[in-house]
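Let me begin by presenting the structure, written as structure tokens, before commenting on it.
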Number of protein chains: 2
Amino acid sequence: MTADADHRTLHNRVLAELGPAIAAGDYGPGHVFTLESLARDFGVSRTVAREAVRVLESMRLVLSRPRTGITVRPAAEWSVYDPQLIRWRLAGPGRMAQLRTLTELRAAVEPPAAAAAARRATPAQRRALSELNEVMAETGRRGDLDRFLALDIEFHRRILELSGNEMFAGLSGVVAEVLAGRTQHRLMPVRPRPEALCLHAHVASAIEGGLPEVAEAAMRSIVREVVEALDGAGDGAPPGATAAG
Amino acid sequence: MTADADHRTLHNRVLAELGPAIAAGDYGPGHVFTLESLARDFGVSRTVAREAVRVLESMRLVLSRPRTGITVRPAAEWSVYDPQLIRWRLAGPGRMAQLRTLTELRAAVEPPAAAAAARRATPAQRRALSELNEVMAETGRRGDLDRFLALDIEFHRRILELSGNEMFAGLSGVVAEVLAGRTQHRLMPVRPRPEALCLHAHVASAIEGGLPEVAEAAMRSIVREVVEALDGAGDGAPPGATAAG
DNA sequence: TCCGCCTCATTGATAACACTATTGTTCCGC
DNA sequence: GCGGAACAATAGTGTTATCAATGAGGCGGA
């Protein structure tokens with residue numbers, strides 16, 4: 001997704017190891033670190049350990065208190081929208097669960113976002129979206145799955161941005177992650193289903209035509225299929241013919 | 001909302017001053033700080049300044065690079081879901097704009113969350129929600145606005161939690177902020193509208209009865225009213241009779 | 001004009017220290 | 001025995017000093 005965390009600095013490397021471990025539940029809520037132990041275990045200075053802890057603290061993963069140490073907080077208190085945390089969880093054992101919650105979130109947000117785009121986008125933006133859709137459809141029909149995925153991500157990302165709501169736009173990384181993750185998990189057919197392509201076309205033309213309700217309904221159809229596909233598939237169950245979304 | 005940022009520590013106090021300033025746009029994208037200047041301006045050591053910068057960096061508000069300094073990033077790249085950043089923006093001049101985007105987000109998420117709650121909540125949880133709704137309605141009818149606000153927040157928070165989706169649950173702070181903010185801005189009638197109370201009752205009983213579609217539709221009615229009320233009201237325009245939500 | 005090297009401002013990292021908050025313990029008085 | 005006050009141990013918090021690494025911008029040569 002977005003430029004991965006910069007591993008040039010030492011505290012980021014500590015973070016890249018400690019963060020995923022906590023996110024994965026290796027250290028349960030209530031587990032206590034000390035700066036001393038972190039510095040020792042990671043072979044870094046206290047200062048570097050402190051900077052890493054600051055970041056974890058701002059994500060509400062841990063609580064740092066004098067005399068007590070650095071305590072892991074219960075997962076319910078974490079800042080679950082933090083892009084870093086999302087990435088960590090997607091990289092860990094909770095990947096499938098996280099993919100589910102993110103897909104449900106996507107299903108909630110994208111239809112209203114499409115409606116908003118139909119209301120607010122400029123003519124040029126509408127046209128560009130339709131053109132993008134056509135390239136995407138053509139690529140899908142050709143069966144170039146990698147390139148199709150990239151275009152699909154771009155399509156959804158652009159709608160979120162055209163919604164004119166930065167909170168919606170802020171989820172574009174999440175959507176990219178979900179779409180890419182779904183492909184990795186073979187939850188996608190080799191060739192996108194014609195019905196799905198058709199629905200995408202409806203979304204694009206409804207946005208171009210300034211029809212919020214139509215855009216919202218079409219997008220709702222897309223995400224409904226996606227949610228059902230994910231619900232149907234067990235943890236790694238074989239896909240039937242699923243959506244393209 | 002959630003326990004306010006801890007102002008006991010020095011770096012948090014720096015953050016509490018610097019963060020809102022950047023969030024408010026006092027320093028435009030591209031503006032460059034140096035650790036030296038921050039340390040001097042805030043009268044703290046370089047170490048403390050660095051810890052504050054680390055946090056700002058993890059929120060993607062700034063980029064810290066050797067030889068260049070600390071650069072403010074364009075707002076489009078910020079982690080707009082970070083609770084701290086949301087609080088800062090709600091405290092600043094962009095308050096009304098932020099309240100709008102958050103309300104739209106709420107409108108997108110709460111109906112599906114209500115549907116999910118109707119599918120997944122336990123019998124005890126369903127009953128408790130209905131009881132909460134009754135207390136809330138009674139308080140509303142009595143006209144005890146402060147207490148009603150608290151109960152209303154609790155009602156919506158609980159639905160988000162019962163949805164069983166931590167991403168939905170993670171927005172409960174946002175919803176609380178929106179509801180409280182709306183009251184502060186006098187966008188609420190002194191006494192909640194009976195129709196709004198009725199809709200809340202429908203949500204509660206649909207969840208209790210395990211009727212996802214009904215719960216979703218009722219919640220959609222609630223948030224539609226809220227969005228329209230906010231759209232209608234200019235920046236600080238006087239309220240008509242508005243929703244309660 | 002363009003390429004490559006050099007310079008140096010600025011962050012990155014370490015270490016050693018004093019300060020402070022929190023908490024577990026002890027001890028006193030009731 | 002029990003409650004509370006005083007104390008001490010143990011972290012994190014904050015400061016300072018010092019050096020290493022980096023990379024943007026300038027300088028000079030081909």
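Going through the structure tokens in order, the chains are called A, B, and so on, while each chain numbers its residues from 1 and the ligands are numbered from 1 in the order shown.
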
Mind checking which residues fall within 9 Å of region 8-24 of chain C, counting only C-alpha atoms (C1' of nucleotides), ignoring those fewer than 6 positions away in the same chain, and posting them as a PyMOL selection string? (chain A and resi 9-10+44-48+65-68) or (chain B and resi 34-36+64-69) or (chain D and resi 9-16+18-22)

I need the chain B residues near chain A as a PyMOL selection string; criterion: at most 9 Å, counting only C-alpha atoms. chain B and resi 47+50-52+54-59+76-84+100-102+104-105+107-113+164-170

Atoms to include: C-alpha atoms. Write the selected residues as a CSV table (one decimal), in the first residue's frame.
```csv
chain,number,residue,atom,x,y,z
B,47,THR,CA,15.4,14.8,23.0
B,50,ARG,CA,12.5,14.6,18.9
B,51,GLU,CA,10.0,12.4,20.7
B,52,ALA,CA,7.2,14.9,19.8
B,54,ARG,CA,8.4,11.0,16.2
B,55,VAL,CA,4.7,11.0,17.1
B,56,LEU,CA,3.8,13.7,14.5
B,57,GLU,CA,5.8,11.6,12.0
B,58,SER,CA,3.8,8.5,12.8
B,59,MET,CA,0.6,10.5,12.2
B,76,ALA,CA,-4.1,14.8,2.0
B,77,GLU,CA,-1.4,12.6,3.4
B,78,TRP,CA,-2.3,12.9,7.1
B,79,SER,CA,-3.7,9.9,9.0
B,80,VAL,CA,-7.1,11.4,9.3
B,81,TYR,CA,-8.4,8.7,11.5
B,82,ASP,CA,-5.9,9.3,14.3
B,83,PRO,CA,-8.0,10.2,17.3
B,84,GLN,CA,-5.5,12.8,18.4
B,100,ARG,CA,-19.3,17.5,8.5
B,101,THR,CA,-16.9,14.9,7.2
B,102,LEU,CA,-17.3,12.9,10.4
B,104,GLU,CA,-21.0,11.8,6.7
B,105,LEU,CA,-18.8,9.0,7.9
B,107,ALA,CA,-24.0,8.2,8.3
B,108,ALA,CA,-22.2,5.6,6.2
B,109,VAL,CA,-21.1,3.3,9.0
B,110,GLU,CA,-23.9,3.3,11.6
B,111,PRO,CA,-26.6,1.6,9.5
B,112,PRO,CA,-24.5,-1.4,8.6
B,113,ALA,CA,-23.3,-1.5,12.1
B,164,GLY,CA,-18.8,-7.3,16.3
B,165,ASN,CA,-16.6,-5.4,14.0
B,166,GLU,CA,-13.7,-3.6,15.7
B,167,MET,CA,-13.4,-1.1,12.8
B,168,PHE,CA,-17.0,0.0,13.5
B,169,ALA,CA,-16.3,-0.1,17.2
B,170,GLY,CA,-13.3,2.0,16.7
```

Excluding Ala124 (chain A) and residues on its chain fewer than 6 positions from it, collect all residues at most 12 Å away from it, counting only C-alpha atoms (C1' of nucleotides), and give them as a ChimeraX atom specification. /A:130-131,162,207-208

Write the residues of the selection above to a file with all heavy atoms, as a compact mmCIF listing (two decimals), in the first residue's frame.
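Writing done, so here's selection-v1.txt:
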```
# COMPACT_ATOMS: atom_id res chain seq x y z
N SER A 130 -14.79 7.46 -16.10
CA SER A 130 -15.38 6.59 -17.10
C SER A 130 -14.31 5.99 -18.01
O SER A 130 -14.36 4.81 -18.35
CB SER A 130 -16.40 7.37 -17.95
OG SER A 130 -17.63 7.44 -17.26
N GLU A 131 -13.34 6.83 -18.37
CA GLU A 131 -12.26 6.32 -19.21
C GLU A 131 -11.48 5.24 -18.48
O GLU A 131 -11.17 4.18 -19.04
CB GLU A 131 -11.33 7.46 -19.63
CG GLU A 131 -11.91 8.30 -20.78
CD GLU A 131 -11.19 9.63 -20.93
OE1 GLU A 131 -10.02 9.74 -20.46
OE2 GLU A 131 -11.78 10.57 -21.50
N LEU A 162 -12.98 11.33 -5.03
CA LEU A 162 -13.97 12.22 -5.63
C LEU A 162 -15.14 12.47 -4.70
O LEU A 162 -15.92 13.39 -4.92
CB LEU A 162 -14.48 11.62 -6.96
CG LEU A 162 -13.44 11.49 -8.07
CD1 LEU A 162 -14.08 10.99 -9.35
CD2 LEU A 162 -12.75 12.81 -8.31
N ILE A 207 -22.02 8.01 -11.88
CA ILE A 207 -21.26 9.16 -11.36
C ILE A 207 -21.13 10.21 -12.45
O ILE A 207 -21.31 11.40 -12.22
CB ILE A 207 -19.88 8.72 -10.83
CG1 ILE A 207 -20.05 7.91 -9.54
CG2 ILE A 207 -18.99 9.93 -10.58
CD1 ILE A 207 -18.77 7.37 -8.97
N GLU A 208 -20.83 9.74 -13.67
CA GLU A 208 -20.69 10.70 -14.76
C GLU A 208 -22.00 11.43 -15.01
O GLU A 208 -22.01 12.64 -15.26
CB GLU A 208 -20.25 9.97 -16.04
CG GLU A 208 -19.84 10.94 -17.14
CD GLU A 208 -19.21 10.25 -18.34
OE1 GLU A 208 -19.29 9.01 -18.42
OE2 GLU A 208 -18.64 10.96 -19.19
```

I'd like the contact shell of DT25 (chain C) - 12 Å cut-off, only C-alpha atoms (C1' of nucleotides), skipping same-chain residues fewer than 4 positions apart - returned as a short mmCIF file (atom, residue, chain, number, x, y, z; two decimals) with N, CA and C atoms (P, O5', C5', C4', C3', O3' and C1' of nucleotides), in the first residue's frame.
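Saved as part.cif:
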```cif
data_model
loop_
_atom_site.label_atom_id
_atom_site.label_comp_id
_atom_site.auth_asym_id
_atom_site.auth_seq_id
_atom_site.Cartn_x
_atom_site.Cartn_y
_atom_site.Cartn_z
P DA D 5 -2.80 9.71 56.56
"O5'" DA D 5 -1.31 10.11 56.97
"C5'" DA D 5 -0.91 9.99 58.33
"C4'" DA D 5 0.56 9.62 58.41
"C3'" DA D 5 1.46 10.35 57.42
"O3'" DA D 5 2.65 10.75 58.07
"C1'" DA D 5 1.72 8.03 57.15
P DA D 6 3.60 11.85 57.42
"O5'" DA D 6 4.98 11.07 57.32
"C5'" DA D 6 5.44 10.31 58.44
"C4'" DA D 6 6.48 9.31 57.98
"C3'" DA D 6 7.52 9.88 57.00
"O3'" DA D 6 8.82 9.52 57.45
"C1'" DA D 6 6.53 7.93 56.08
P DC D 7 10.09 10.05 56.68
"O5'" DC D 7 10.52 8.74 55.89
"C5'" DC D 7 10.56 7.48 56.56
"C4'" DC D 7 10.84 6.37 55.58
"C3'" DC D 7 11.92 6.69 54.54
"O3'" DC D 7 12.87 5.64 54.56
"C1'" DC D 7 10.00 5.81 53.47
P DA D 8 14.31 5.89 53.99
"O5'" DA D 8 14.41 4.73 52.91
"C5'" DA D 8 13.80 3.46 53.19
"C4'" DA D 8 13.57 2.70 51.90
"C3'" DA D 8 14.68 2.88 50.85
"O3'" DA D 8 14.87 1.65 50.18
"C1'" DA D 8 12.63 3.55 49.93
P DA D 9 16.22 1.36 49.47
"O5'" DA D 9 15.69 0.52 48.22
"C5'" DA D 9 14.58 -0.37 48.42
"C4'" DA D 9 13.80 -0.52 47.13
"C3'" DA D 9 14.68 -0.57 45.88
"O3'" DA D 9 14.18 -1.60 45.04
"C1'" DA D 9 13.08 1.16 45.66
#
```

For CA of Asp152 (chain B) and CA of Gln184 (chain B), quote the distance in Å rounded to one decimal. 14.5 Å

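The spacing separating CA of Pro74 (chain B) from CA of Pro29 (chain B) amounts to 4.7 Å.
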
Would you please extract all helix (DSSP H, G or I) residues from region 10-219 of chain B, as assigned by DSSP on the backbone, and give them as a PyMOL selection string? chain B and resi 10-23+35-42+46-58+75-77+83-91+95-120+123-142+145-162+166-169+172-184+194-208+212-219

For region 176-180 of chain A: contacts at 10 Å, only C-alpha atoms (C1' of nucleotides), fewer than 6 positions along chain excluded, given as a list in words: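 Residues meeting the cut-off are Met1, Thr2, Ile86, Arg87, Leu90, Gln98, Leu99, Arg100, Thr101, Leu102, Thr103, Arg106, Asp146, Leu149, Ala150, Asp152, Ile153, Glu154, His156, Arg157, Leu187, Met188, Val226, Ala244 and Gly245 of chain A.
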
In Å to one decimal, how far is CA of Ser221 (chain A) from CA of Val135 (chain A)?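 Distance between the two atoms: 21.2 Å.
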
Select, from A:Ala229, A:Arg182, A:Ile222, A:Ala137, the residue with the minimum atom-to-atom distance to Leu197 (chain A), counting only C-alpha atoms. A:Ala137

DSSP strand (DSSP E or B) selection over region 19-244 of chain B, as a short mmCIF file (atom, residue, chain, number, x, y, z; two decimals) with N, CA, C and O atoms, in the first residue's frame:
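What landed in out-v2.cif:
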```cif
data_model
loop_
_atom_site.label_atom_id
_atom_site.label_comp_id
_atom_site.auth_asym_id
_atom_site.auth_seq_id
_atom_site.Cartn_x
_atom_site.Cartn_y
_atom_site.Cartn_z
N VAL B 32 9.24 24.06 7.03
CA VAL B 32 10.32 23.27 7.60
C VAL B 32 10.68 23.73 9.01
O VAL B 32 10.92 24.92 9.23
N PHE B 33 10.66 22.79 9.94
CA PHE B 33 11.19 23.03 11.27
C PHE B 33 12.57 22.40 11.36
O PHE B 33 12.91 21.53 10.58
N VAL B 62 4.20 15.16 9.51
CA VAL B 62 5.50 15.70 9.10
C VAL B 62 6.41 14.58 8.62
O VAL B 62 6.12 13.40 8.82
N LEU B 63 7.47 15.00 7.98
CA LEU B 63 8.48 14.08 7.49
C LEU B 63 9.81 14.59 8.00
O LEU B 63 10.13 15.76 7.83
N SER B 64 10.56 13.71 8.64
CA SER B 64 11.85 14.14 9.20
C SER B 64 12.98 13.52 8.40
O SER B 64 13.05 12.30 8.27
N ARG B 65 13.81 14.34 7.84
CA ARG B 65 14.92 13.82 7.05
C ARG B 65 16.21 14.52 7.41
O ARG B 65 16.21 15.72 7.69
N GLY B 69 15.59 18.68 7.68
CA GLY B 69 14.78 19.14 8.79
C GLY B 69 13.45 18.42 8.83
O GLY B 69 13.30 17.35 8.25
N ILE B 70 12.51 19.02 9.52
CA ILE B 70 11.20 18.41 9.68
C ILE B 70 10.19 19.16 8.82
O ILE B 70 9.89 20.32 9.07
N THR B 71 9.68 18.48 7.80
CA THR B 71 8.81 19.13 6.81
C THR B 71 7.35 18.78 7.07
O THR B 71 7.03 17.62 7.30
N VAL B 72 6.50 19.78 7.01
CA VAL B 72 5.06 19.55 7.13
C VAL B 72 4.55 18.95 5.83
O VAL B 72 4.83 19.48 4.75
#
```

So, counting only C-alpha atoms (C1' of nucleotides), which residue among A:Ala49, A:Ala16, A:Glu213, A:Asp26 is closest to chain C? A:Ala49

Between B:Arg8, B:Arg193, B:Arg95, B:Arg127, which has the minimum distance to chain D (counting only C-alpha atoms (C1' of nucleotides))?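 Closest to chain D of all the choices is B:Arg8.
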
I want to know what sits within 6 Å of Ala115 (chain B), based on only C-alpha atoms (C1' of nucleotides), with residues of the same chain fewer than 4 positions away left out; could you give that as an mmCIF file with all heavy atoms, in the first residue's frame?
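Okay, out-v5.cif is ready:
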```
data_model
loop_
_atom_site.group_PDB
_atom_site.id
_atom_site.type_symbol
_atom_site.label_atom_id
_atom_site.label_comp_id
_atom_site.auth_asym_id
_atom_site.auth_seq_id
_atom_site.Cartn_x
_atom_site.Cartn_y
_atom_site.Cartn_z
ATOM 1 N N PRO B 212 -32.028 -7.491 10.930
ATOM 2 C CA PRO B 212 -30.965 -6.622 10.414
ATOM 3 C C PRO B 212 -31.466 -5.540 9.478
ATOM 4 O O PRO B 212 -31.092 -4.369 9.615
ATOM 5 C CB PRO B 212 -30.047 -7.592 9.666
ATOM 6 C CG PRO B 212 -30.357 -8.939 10.197
ATOM 7 C CD PRO B 212 -31.784 -8.903 10.622
ATOM 8 N N ALA B 215 -33.338 -2.838 11.386
ATOM 9 C CA ALA B 215 -32.400 -2.045 12.182
ATOM 10 C C ALA B 215 -31.628 -1.083 11.285
ATOM 11 O O ALA B 215 -31.468 0.104 11.597
ATOM 12 C CB ALA B 215 -31.439 -2.970 12.927
ATOM 13 N N GLU B 216 -31.174 -1.609 10.147
ATOM 14 C CA GLU B 216 -30.397 -0.778 9.236
ATOM 15 C C GLU B 216 -31.240 0.375 8.690
ATOM 16 O O GLU B 216 -30.787 1.518 8.657
ATOM 17 C CB GLU B 216 -29.864 -1.634 8.072
ATOM 18 C CG GLU B 216 -29.071 -0.835 7.061
ATOM 19 C CD GLU B 216 -28.207 -1.713 6.162
ATOM 20 O OE1 GLU B 216 -28.197 -2.954 6.348
ATOM 21 O OE2 GLU B 216 -27.538 -1.151 5.285
#
```
